[in-house]
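> Take a look at the following structure, please.
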Amino acid sequence: MDLSPGTSYFVGQLSKAFIAPGSNASLASLFCAFCIGFVVLGVRRRKKGRRIRVRPLLQALFPKHIVFNRSSLVDAGYFYFYVFLFGIIFGWALLSYDMLSRMAADTLTALFGPARPTSLPAFVSRTLITVMVFLAYELGYWLNHYLSHRIPFLWEFHKVHHTATVLTPLTNFRVHPVYMCIFFNILALFTGLTNGVGDYLFGQATQPYGLSETNIILVAFIYLYVHLQHSQLWISFTGWLGHLFMSPAHHQIHHSRNPVHFNKNLGSCLAVWDWLFGTLHIPSVAREALEFGVDPDRRDAHTLWGELIAPFGHAALRLKERFAGRPRRSISLPAPERTRA
Ligand SMILES: [Zn+2]
Ligand SMILES: [Zn+2]
């Protein structure tokens with residue numbers, strides 16, 4: 001079928017977002033999250049001796065006050081932005097994973113001489129590099145997130161994600177483009193350089209296992225619980241499991257307005273980096289009463305101005321404060337030490 005360039009771009013982007021198996025918004029992964037949520041709620045009802053009925057379960061999974069919330073509309077707006085516009089506007093500002101990977105391998109060759117091919121079977125070296133790159137992704141994610149919470153200038157951009165007052169899988173996309181540019185570049189640095197080190201160690205260019213250019217381990221987590229991290233469904237990992245994996249409850253705590261939870265649980269799929277760096281907060285088994293959102297009653301909450309434009313002004317003021325050496329009293333923003341995780 002012959003489509004106009006505009007239409008084929010539109011269809012191509014939609015297919016990349018919803019059909020590509022490695023996409024973090026694929027319909028298959030969303031359906032998987034729905035099934036897991038349905039089963040978890042069904043089992044809980046059963047344990048309470050109640051009958052499993054489809055309608056109440058669907059109402060529990062898609063409560064009207066969350067689906068039609070103004071906060072959810074902003075999430076949807078940001079989702080649209082990332083599917084259709086982000087690459088066109090900011091593609092030039094992103095480092096190349098392949099270039100960094102080659103650079104790391106070439107630097108090691110220049111320093112230590114040519115790499116010697118490994119005697120390991122190809123699938124073993126590929127599996128090892130898949131794990132290495134995934135761990136590098138998680139570390140880069142943790143570091144970027146940590147800096148975004150600790151540096152007031154960066155927090156003003158990351159705060160957009162925390163202004164969500166309800167959580168849905170689309171809240172994952174409610175991220176300011178400035179935050180996203182920094183995030184992608186840090187990830188490219190960590191994962192690209194790690195891939196290059198792996199290439200050198202194994203003596204040949206080795207690509208991690210993946211689905212539509214996404215590391216296969218990350219894809220597995222997207223199908224298992226990443227969507228449920230932004231939901232009202234309380235699924236909590238405790239004990240050793242809670243030290244290793246970032247359950248949906250871990251991330252809901254990350255969004256909590258309770259000061260005890262500020263700057264905690266900064267990882268993506270794994271909790272190990274939080275555990276190692278002292279930012280882990282393991283949720284309780286029973287649902288904790290949490291409230292979400294930063295300054296939820298402010299006038300420009302959930303507007304284009306408040307969630308996309310205003311952060312530039314707020315960040316500029318933070319810089320001014322930094323260089324003036326004292327906070328300006330006229331700014332009615334949360335102080336950095338009150339920022340949440
Ligand atoms: Zn979040
Ligand atoms: Zn955060």
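Going by the structure tokens order, chains are called A, B, ..., each with residues numbered from 1, while ligands are numbered from 1 in the order shown.
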Around ligand 2, which protein and nucleic acid residues have at least one atom no more than 12 Å from it, if we count only C-alpha atoms and all ligand atoms? List them as a ChimeraX atom specification.

/A:141-150,154-164,171-172,174-176,179,250-257,261-268,279,292-294,339-341

> Point out the residue among A:Val40, A:Leu57, A:Val133, A:Leu201 with the least atom-to-atom distance to Pro114 of chain A, counting only C-alpha atoms.

A:Leu201

> With only C-alpha atoms and all ligand atoms as the atoms that count, which of A:Gly196, A:Pro169, A:Pro283, A:Pro296 lies nearest to ligand 1?

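Once distances to ligand 1 are computed over only C-alpha atoms and all ligand atoms, the minimum belongs to A:Pro169.
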
> Name all residues at most 12 Å from segment 214-216 of chain A (count only C-alpha atoms; drop same-chain ones fewer than 6 positions away) and give them as a PyMOL selection string.

chain A and resi 16+20-24+126-127+129-138+191+195+207-208+222-223

> Mind listing the helix (DSSP H, G or I) residues of segment 241-324 of chain A, per DSSP on the backbone, as a PyMOL selection string?

chain A and resi 241-244+248-254+259-261+272-277+304-324
